[in-house]
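> Just so it is clear, I am handing over model_0.cif, which has mmCIF, C-alpha atoms and all ligand atoms.
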```
data_upload
loop_
_atom_site.label_atom_id
_atom_site.label_comp_id
_atom_site.auth_asym_id
_atom_site.auth_seq_id
_atom_site.Cartn_x
_atom_site.Cartn_y
_atom_site.Cartn_z
CA LYS Y 1 0.00 0.00 0.00
CA MET Y 2 2.71 2.45 0.95
CA LYS Y 3 4.69 1.44 -2.16
CA GLU Y 4 1.61 2.04 -4.31
CA ALA Y 5 1.15 5.44 -2.64
CA ALA Y 6 4.78 6.33 -3.33
CA GLU Y 7 4.53 5.11 -6.95
CA TYR Y 8 1.29 7.07 -7.42
CA ASN Y 9 3.10 10.13 -6.05
CA MET Y 10 5.94 9.70 -8.51
CA LYS Y 11 3.44 9.63 -11.34
CA MET Y 12 1.14 12.39 -10.20
CA HIS Y 13 3.22 15.01 -8.46
CA PRO Y 14 5.98 16.64 -10.52
CA MET Y 15 8.08 17.42 -7.47
CA TRP Y 16 8.20 13.80 -6.30
CA GLN Y 17 9.10 12.81 -9.88
CA GLY Y 18 12.23 14.80 -9.20
CA PRO Y 19 15.48 12.91 -9.77
CA LEU Y 20 15.32 9.71 -7.78
CA ALA Y 21 18.91 10.36 -6.79
CA VAL Y 22 21.11 13.30 -7.70
CA PRO Y 23 23.44 12.08 -10.49
CA GLY Y 24 26.63 10.98 -8.69
CA GLY Y 25 24.85 11.64 -5.39
CA ASP Y 26 26.15 9.24 -2.75
CA ARG Y 27 24.75 10.96 0.35
CA GLN Y 28 21.06 11.27 -0.35
CA SER Y 29 18.17 11.35 2.14
CA PRO Y 30 15.99 9.97 3.61
CA ILE Y 31 17.38 6.61 4.78
CA ASP Y 32 16.43 3.69 7.00
CA ILE Y 33 18.40 3.87 10.25
CA VAL Y 34 19.55 0.33 11.12
CA VAL Y 35 19.83 0.88 14.86
CA ARG Y 36 22.22 -2.00 15.57
CA LYS Y 37 24.58 -0.73 12.82
CA SER Y 38 24.74 2.81 14.21
CA VAL Y 39 28.04 3.65 15.90
CA LEU Y 40 28.22 5.31 19.34
CA ASP Y 41 30.29 8.51 19.15
CA THR Y 42 31.21 9.68 22.66
CA GLN Y 43 32.42 13.00 21.20
CA LEU Y 44 28.83 13.92 20.30
CA LYS Y 45 27.60 16.73 22.56
CA PRO Y 46 24.09 17.48 23.82
CA LEU Y 47 22.03 19.57 21.42
CA VAL Y 48 21.59 23.22 22.36
CA THR Y 49 18.48 24.92 20.95
CA ASP Y 50 17.75 28.55 21.70
CA TYR Y 51 14.54 29.58 19.91
CA ASP Y 52 12.91 33.01 20.25
CA PRO Y 53 9.13 32.75 19.58
CA LYS Y 54 9.15 36.43 18.54
CA THR Y 55 11.04 35.42 15.36
CA CYS Y 56 8.06 33.39 14.13
CA GLN Y 57 6.53 35.20 11.12
CA GLN Y 58 4.20 33.23 8.86
CA ILE Y 59 2.85 29.88 7.82
CA TRP Y 60 2.35 28.97 4.17
CA ASN Y 61 1.44 26.14 1.83
CA ASN Y 62 4.26 25.71 -0.68
CA GLY Y 63 2.54 22.91 -2.60
CA TYR Y 64 4.68 20.18 -0.97
CA SER Y 65 4.11 20.77 2.77
CA PHE Y 66 3.25 23.73 4.99
CA LEU Y 67 6.17 25.80 6.25
CA VAL Y 68 6.31 27.83 9.48
CA GLU Y 69 8.88 30.51 8.68
CA TYR Y 70 11.14 32.38 11.08
CA ASP Y 71 13.03 35.66 10.79
CA ASP Y 72 16.58 34.43 10.16
CA THR Y 73 18.18 37.84 9.60
CA SER Y 74 19.99 37.55 12.96
CA ASP Y 75 21.08 34.84 15.40
CA LYS Y 76 17.89 34.90 17.48
CA SER Y 77 16.72 31.31 17.02
CA THR Y 78 19.67 28.97 16.88
CA LEU Y 79 20.85 25.35 17.12
CA LYS Y 80 24.34 24.34 18.15
CA GLY Y 81 26.14 21.46 19.86
CA GLY Y 82 25.36 17.84 18.97
CA PRO Y 83 27.50 16.93 15.94
CA LEU Y 84 27.73 20.57 14.87
CA GLN Y 85 30.94 22.65 14.90
CA ASP Y 86 29.17 25.90 14.08
CA LYS Y 87 26.03 27.83 15.07
CA PHE Y 88 22.97 27.28 12.85
CA ARG Y 89 20.01 29.63 12.43
CA LEU Y 90 16.41 28.33 12.34
CA CYS Y 91 14.71 29.35 9.11
CA GLN Y 92 11.63 27.11 8.94
CA PHE Y 93 9.97 23.94 10.10
CA HIS Y 94 7.57 21.66 8.24
CA PHE Y 95 6.25 18.09 8.32
CA HIS Y 96 5.92 15.03 6.07
CA TRP Y 97 2.93 12.72 6.54
CA GLY Y 98 0.89 9.89 4.99
CA GLU Y 99 -2.69 9.39 3.81
CA ASN Y 100 -3.22 7.20 6.89
CA ASN Y 101 -1.45 6.46 10.17
CA ALA Y 102 0.40 3.45 8.74
CA TRP Y 103 3.11 5.53 7.04
CA GLY Y 104 4.24 9.10 6.35
CA SER Y 105 7.71 9.57 7.85
CA GLU Y 106 10.76 10.00 5.58
CA HIS Y 107 13.28 8.28 7.86
CA THR Y 108 12.55 4.91 9.47
CA LEU Y 109 14.04 3.04 12.44
CA ASP Y 110 14.78 -0.57 11.47
CA ARG Y 111 12.19 -0.12 8.71
CA ARG Y 112 9.61 1.07 11.23
CA LEU Y 113 7.43 3.77 9.70
CA PHE Y 114 5.86 6.61 11.66
CA PRO Y 115 2.71 8.47 10.58
CA ALA Y 116 4.62 11.75 10.26
CA GLU Y 117 7.99 13.44 10.69
CA LEU Y 118 8.85 17.02 11.76
CA HIS Y 119 11.84 18.79 10.18
CA LEU Y 120 13.33 21.90 11.82
CA VAL Y 121 15.59 23.46 9.17
CA HIS Y 122 18.67 25.52 10.16
CA TRP Y 123 21.56 27.00 8.17
CA ASN Y 124 25.19 27.65 9.15
CA SER Y 125 25.33 31.35 10.06
CA ASP Y 126 28.96 31.16 11.18
CA LYS Y 127 30.04 30.41 7.59
CA TYR Y 128 27.28 31.78 5.33
CA SER Y 129 25.03 34.85 5.21
CA LEU Y 130 21.92 33.40 3.54
CA PHE Y 131 20.03 30.10 3.50
CA GLU Y 132 20.20 30.14 -0.30
CA GLU Y 133 24.00 30.19 -0.07
CA ALA Y 134 24.28 27.57 2.68
CA VAL Y 135 21.96 25.13 0.90
CA MET Y 136 24.67 24.56 -1.73
CA GLU Y 137 27.46 23.85 0.77
CA GLU Y 138 28.57 20.56 2.39
CA ASN Y 139 28.31 21.96 5.93
CA GLY Y 140 25.51 24.37 5.13
CA LEU Y 141 22.40 22.94 6.77
CA ALA Y 142 21.34 21.12 9.92
CA VAL Y 143 17.87 19.52 10.03
CA LEU Y 144 16.42 18.23 13.30
CA GLY Y 145 14.03 15.35 12.64
CA VAL Y 146 11.35 14.29 15.13
CA PHE Y 147 9.00 11.33 14.59
CA LEU Y 148 5.30 11.76 15.31
CA LYS Y 149 3.07 9.04 16.72
CA VAL Y 150 -0.71 9.14 17.05
CA GLY Y 151 -1.84 9.34 20.65
CA LYS Y 152 -2.78 12.11 22.99
CA ARG Y 153 -3.45 15.61 21.66
CA HIS Y 154 -0.39 17.87 21.46
CA GLU Y 155 -1.49 21.11 23.13
CA GLY Y 156 1.38 23.17 21.68
CA LEU Y 157 0.61 21.97 18.13
CA GLN Y 158 -3.03 23.05 18.27
CA LYS Y 159 -2.28 26.74 17.54
CA LEU Y 160 -0.61 25.59 14.32
CA VAL Y 161 -3.42 23.13 13.46
CA ASP Y 162 -5.98 25.94 13.88
CA ALA Y 163 -4.11 28.04 11.28
CA LEU Y 164 -4.12 25.33 8.58
CA PRO Y 165 -7.64 25.83 7.14
CA ALA Y 166 -6.54 29.35 6.16
CA ILE Y 167 -3.74 27.94 3.97
CA ARG Y 168 -5.60 25.04 2.39
CA HIS Y 169 -4.41 25.80 -1.13
CA LYS Y 170 -0.91 25.94 -2.61
CA ASP Y 171 0.71 29.42 -2.33
CA SER Y 172 -1.64 30.61 0.43
CA VAL Y 173 0.01 32.32 3.41
CA VAL Y 174 -1.15 33.76 6.73
CA GLU Y 175 0.60 35.65 9.48
CA PHE Y 176 1.66 33.32 12.29
CA THR Y 177 3.48 34.76 15.30
CA ARG Y 178 4.83 33.94 18.74
CA PHE Y 179 5.14 30.20 18.21
CA ASP Y 180 7.91 28.48 20.15
CA PRO Y 181 9.13 25.47 18.13
CA ALA Y 182 10.80 24.09 21.26
CA CYS Y 183 7.31 22.90 22.31
CA LEU Y 184 7.51 20.38 19.44
CA LEU Y 185 10.74 18.77 20.70
CA PRO Y 186 10.65 15.59 22.78
CA THR Y 187 11.58 15.85 26.46
CA ASN Y 188 14.82 13.94 25.79
CA THR Y 189 16.93 15.65 23.10
CA ASP Y 190 20.20 14.05 24.25
CA ASP Y 191 19.53 10.77 22.41
CA TYR Y 192 19.74 11.06 18.64
CA TRP Y 193 21.26 9.60 15.47
CA THR Y 194 23.22 11.77 13.06
CA TYR Y 195 24.47 11.31 9.48
CA HIS Y 196 25.39 13.39 6.44
CA GLY Y 197 22.67 13.58 3.81
CA SER Y 198 20.62 15.79 1.57
CA LEU Y 199 17.45 17.78 1.22
CA THR Y 200 14.52 15.47 0.53
CA THR Y 201 12.96 17.92 -1.92
CA PRO Y 202 14.58 19.68 -4.88
CA PRO Y 203 17.34 20.81 -5.18
CA LEU Y 204 18.21 17.61 -3.17
CA THR Y 205 21.62 19.13 -2.43
CA GLU Y 206 23.94 17.11 -0.15
CA SER Y 207 24.35 19.88 2.39
CA VAL Y 208 22.53 18.48 5.43
CA SER Y 209 23.75 17.28 8.82
CA TRP Y 210 20.72 15.23 9.84
CA ILE Y 211 19.95 14.90 13.55
CA ILE Y 212 17.13 12.40 14.14
CA MET Y 213 15.65 12.28 17.68
CA LYS Y 214 15.29 8.89 19.31
CA GLN Y 215 12.20 9.98 21.28
CA HIS Y 216 9.04 10.73 19.29
CA ILE Y 217 6.29 13.21 20.11
CA GLU Y 218 2.57 12.37 20.21
CA VAL Y 219 -0.22 14.17 18.33
CA SER Y 220 -3.89 13.22 18.17
CA HIS Y 221 -5.59 11.46 15.27
CA ASP Y 222 -7.73 14.58 14.71
CA GLN Y 223 -4.69 16.89 14.62
CA LEU Y 224 -3.06 14.72 11.96
CA ALA Y 225 -6.36 14.62 10.02
CA VAL Y 226 -6.16 18.42 9.67
CA PHE Y 227 -2.71 18.05 8.02
CA ARG Y 228 -4.41 15.78 5.46
CA SER Y 229 -7.09 18.41 4.79
CA LEU Y 230 -4.45 20.58 3.09
CA LEU Y 231 -4.20 20.51 -0.70
CA PHE Y 232 -1.25 20.19 -3.08
CA THR Y 233 -3.22 22.25 -5.60
CA SER Y 234 -3.90 25.96 -5.89
CA ALA Y 235 -7.39 27.47 -5.69
CA GLU Y 236 -7.60 27.89 -9.48
CA GLU Y 237 -7.02 24.23 -10.40
CA GLU Y 238 -10.19 22.28 -11.16
CA VAL Y 239 -9.01 18.99 -9.72
CA GLN Y 240 -8.04 19.35 -6.04
CA LYS Y 241 -5.49 16.89 -4.65
CA SER Y 242 -5.12 16.16 -0.92
CA MET Y 243 -1.72 16.94 0.50
CA VAL Y 244 -0.76 13.46 1.73
CA ASN Y 245 2.21 11.09 1.26
CA ASN Y 246 4.54 14.08 0.81
CA PHE Y 247 7.64 12.01 1.61
CA ARG Y 248 10.54 11.03 -0.61
CA VAL Y 249 11.39 7.38 -1.26
CA GLN Y 250 14.35 6.17 0.78
CA GLN Y 251 17.84 6.39 -0.68
CA PRO Y 252 20.83 4.01 -0.54
CA LEU Y 253 23.22 4.41 2.40
CA ARG Y 254 26.29 4.18 0.07
CA GLY Y 255 28.62 3.16 2.88
CA ARG Y 256 27.77 6.04 5.20
CA THR Y 257 27.95 5.52 8.96
CA VAL Y 258 25.06 6.64 11.14
CA ARG Y 259 26.41 7.76 14.51
CA SER Y 260 24.45 7.65 17.78
CA SER Y 261 24.82 9.91 20.82
CA PHE Y 262 23.71 7.08 23.12
CA SER Y 263 24.21 3.34 23.48
C1 LIG Y 301 15.45 22.70 3.23
C2 LIG Y 301 14.53 21.53 3.25
C3 LIG Y 301 13.59 21.38 2.23
C4 LIG Y 301 12.73 20.29 2.27
N1 LIG Y 301 12.79 19.38 3.26
O1 LIG Y 301 11.95 18.32 3.29
C5 LIG Y 301 13.69 19.50 4.27
O2 LIG Y 301 13.64 18.66 5.17
C6 LIG Y 301 14.59 20.60 4.25
ZN ZN Y 302 11.54 17.84 5.28
#
```
Translate this structure into structure tokens?


Amino acid sequence: KMKEAAEYNMKMHPMWQGPLAVPGGDRQSPIDIVVRKSVLDTQLKPLVTDYDPKTCQQIWNNGYSFLVEYDDTSDKSTLKGGPLQDKFRLCQFHFHWGENNAWGSEHTLDRRLFPAELHLVHWNSDKYSLFEEAVMEENGLAVLGVFLKVGKRHEGLQKLVDALPAIRHKDSVVEFTRFDPACLLPTNTDDYWTYHGSLTTPPLTESVSWIIMKQHIEVSHDQLAVFRSLLFTSAEEEVQKSMVNNFRVQQPLRGRTVRSSFS
């Protein structure tokens, strides 16, 4: 079923038809994390997030997911520590999800699928001055990934869920302020896996230090159902398509090592 959904996506949605793998790309994302093959790295530090809710600006439907965008013109919302040598600025977060609760995440743990996955996207502000610049560089981006499971309602997420009906169609945008993305992180952020990979949407550049949390967060069935009420299509198009299964097919590991911060 999930394979059919992914194949249907390839056929129907131009973006997902994007190059399966970047020609010569040997560090593409997402991947399956084989937990017993991950290597403990005792040099890995705890993650340090310092997010200022006042930098939250807007939420918009870009036709692939919905993005909550932050003012990244100064170092107000940052990520450092973990596997990172530099300081990274938060620019946006978004999710990937399925048409049902059986699948939807981009990464998997020993092939285990989650119904959705949160990505908090940061760029290296010690080395670059714009996201657009950093996205082309090997050490340019750091994406924090958090798995979602269906369970109790996530109170912090509700403010975001309530804004979604206003951005149902592709290219719609509404003001969205004073949202602290830290409320979406699991209580334990010390346990994670990390590997070098790529964006999972075009331009698929291999510029990402991925940091995947071991602990998931819980959202309610109804909250996830509102994600699925979004549309890939703009208001003008006659045929409306539900925004679901907006995940990329998994990519070969190509000899990469996934490191863990815990044993
Ligand atoms: C920059 C970027 C774009 C798309 N996705 O899925 C990501 O996770 C990060
Ligand atoms: Zn993503």

> May I ask which of the residues Y:Leu44, Y:Ile31, Y:Leu230, Y:Leu164 is the closest one to Y:Ser261, counting all atoms listed in the file?

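Closest candidate: Y:Leu44.
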
> Which one is closest to ligand LIG 301 (chain Y): Y:Pro202, Y:Gly81, Y:Pro186, Y:Gly104? Count all atoms listed in the file.

Y:Pro202

> Within 12 Å of Y:Thr78, counting all atoms listed in the file, which residues qualify if same-chain residues fewer than 2 places away don't, as an mmCIF file with C-alpha atoms, in the coordinates of the input?


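The file below, result.cif, is the result:
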```cif
data_model
loop_
_atom_site.group_PDB
_atom_site.id
_atom_site.type_symbol
_atom_site.label_atom_id
_atom_site.label_comp_id
_atom_site.auth_asym_id
_atom_site.auth_seq_id
_atom_site.Cartn_x
_atom_site.Cartn_y
_atom_site.Cartn_z
ATOM 1 C CA LEU Y 47 22.030 19.570 21.420
ATOM 2 C CA VAL Y 48 21.590 23.220 22.360
ATOM 3 C CA THR Y 49 18.480 24.920 20.950
ATOM 4 C CA ASP Y 50 17.750 28.550 21.700
ATOM 5 C CA TYR Y 51 14.540 29.580 19.910
ATOM 6 C CA ASP Y 52 12.910 33.010 20.250
ATOM 7 C CA PRO Y 53 9.130 32.750 19.580
ATOM 8 C CA THR Y 55 11.040 35.420 15.360
ATOM 9 C CA TYR Y 70 11.140 32.380 11.080
ATOM 10 C CA ASP Y 71 13.030 35.660 10.790
ATOM 11 C CA ASP Y 72 16.580 34.430 10.160
ATOM 12 C CA THR Y 73 18.180 37.840 9.600
ATOM 13 C CA SER Y 74 19.990 37.550 12.960
ATOM 14 C CA ASP Y 75 21.080 34.840 15.400
ATOM 15 C CA LYS Y 76 17.890 34.900 17.480
ATOM 16 C CA LYS Y 80 24.340 24.340 18.150
ATOM 17 C CA GLY Y 81 26.140 21.460 19.860
ATOM 18 C CA LEU Y 84 27.730 20.570 14.870
ATOM 19 C CA ASP Y 86 29.170 25.900 14.080
ATOM 20 C CA LYS Y 87 26.030 27.830 15.070
ATOM 21 C CA PHE Y 88 22.970 27.280 12.850
ATOM 22 C CA ARG Y 89 20.010 29.630 12.430
ATOM 23 C CA LEU Y 90 16.410 28.330 12.340
ATOM 24 C CA CYS Y 91 14.710 29.350 9.110
ATOM 25 C CA GLN Y 92 11.630 27.110 8.940
ATOM 26 C CA LEU Y 120 13.330 21.900 11.820
ATOM 27 C CA VAL Y 121 15.590 23.460 9.170
ATOM 28 C CA HIS Y 122 18.670 25.520 10.160
ATOM 29 C CA TRP Y 123 21.560 27.000 8.170
ATOM 30 C CA ASN Y 124 25.190 27.650 9.150
ATOM 31 C CA SER Y 125 25.330 31.350 10.060
ATOM 32 C CA ASP Y 126 28.960 31.160 11.180
ATOM 33 C CA ALA Y 142 21.340 21.120 9.920
ATOM 34 C CA VAL Y 143 17.870 19.520 10.030
ATOM 35 C CA LEU Y 144 16.420 18.230 13.300
ATOM 36 C CA PRO Y 181 9.130 25.470 18.130
ATOM 37 C CA ALA Y 182 10.800 24.090 21.260
#
```

> Fewer than 2 positions away in the same chain doesn't count, so skip those; otherwise give me all residues within 12 Å of Y:Arg256, counting only C-alpha atoms, as a ChimeraX atom specification.

/Y:26-29,31-34,37-39,194-197,251-254,258-259

> Of the candidates Y:Met136, Y:Val173, Y:Ala6, Y:Cys183, which shows the shortest atom-to-atom distance to Y:Glu69, using only C-alpha atoms?

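Nearest to Y:Glu69: Y:Val173.
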
> When you draw a straight line from atom CA of Y:Leu109 to atom C1 of ligand LIG 301 (chain Y), how long is it in Å?

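Computing the Euclidean distance for atom CA of Y:Leu109 and atom C1 of ligand LIG 301 (chain Y) yields 21.8 Å.
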
> From the options Y:Val68, Y:Leu148, Y:Ala235, Y:Val219, which residue's atoms come nearest to Y:Glu117, counting only C-alpha atoms?

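Checking each candidate against Y:Glu117, we get Y:Leu148 as the closest.
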
> Counting only C-alpha atoms, which residue out of Y:Leu231, Y:Leu160, Y:Val249, Y:Ile59 sits closest to Y:Glu4?

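Residue with the minimum atom-to-atom distance to Y:Glu4: Y:Val249.
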
> Quick one: residues within 8 Å of ligand LIG 301 (chain Y), with all atoms listed in the file, as a list of chain:residue names?

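Listed by chain and ascending number, the contacts are Y:His94, Y:Phe95, Y:His96, Y:His119, Y:Leu120, Y:Val121, Y:Val135, Y:Leu141, Y:Val143, Y:Leu199, Y:Thr200, Y:Thr201, Y:Pro202, Y:Phe247.
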
> State, in Å with one decimal place, the distance from atom CA of Y:Leu185 to atom CA of Y:Leu157.

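Taking atom CA of Y:Leu185 and atom CA of Y:Leu157, their separation equals 10.9 Å.
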
> Could you tell me how far atom CA of Y:Phe179 lies from atom CA of Y:Gln58, in Å and to one decimal?

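These atoms are spaced 9.9 Å apart.
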
> Using only C-alpha atoms and all ligand atoms, can you tell me which of Y:Val161, Y:Ile217, Y:Ile212, Y:Met2 comes closest to ligand ZN 302 (chain Y)?

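Of all the options, Y:Ile212 lies closest to ligand ZN 302 (chain Y).
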
> Within 10 Å of Y:Ser234, counting only C-alpha atoms, which residues qualify if same-chain residues fewer than 2 places away don't, as a list in words?

Asn61, Asn62, Gly63, Arg168, His169, Lys170, Asp171, Ser172, Leu231, Phe232, Glu236, Glu237, Glu238, Val239, Gln240 and Lys241 of chain Y
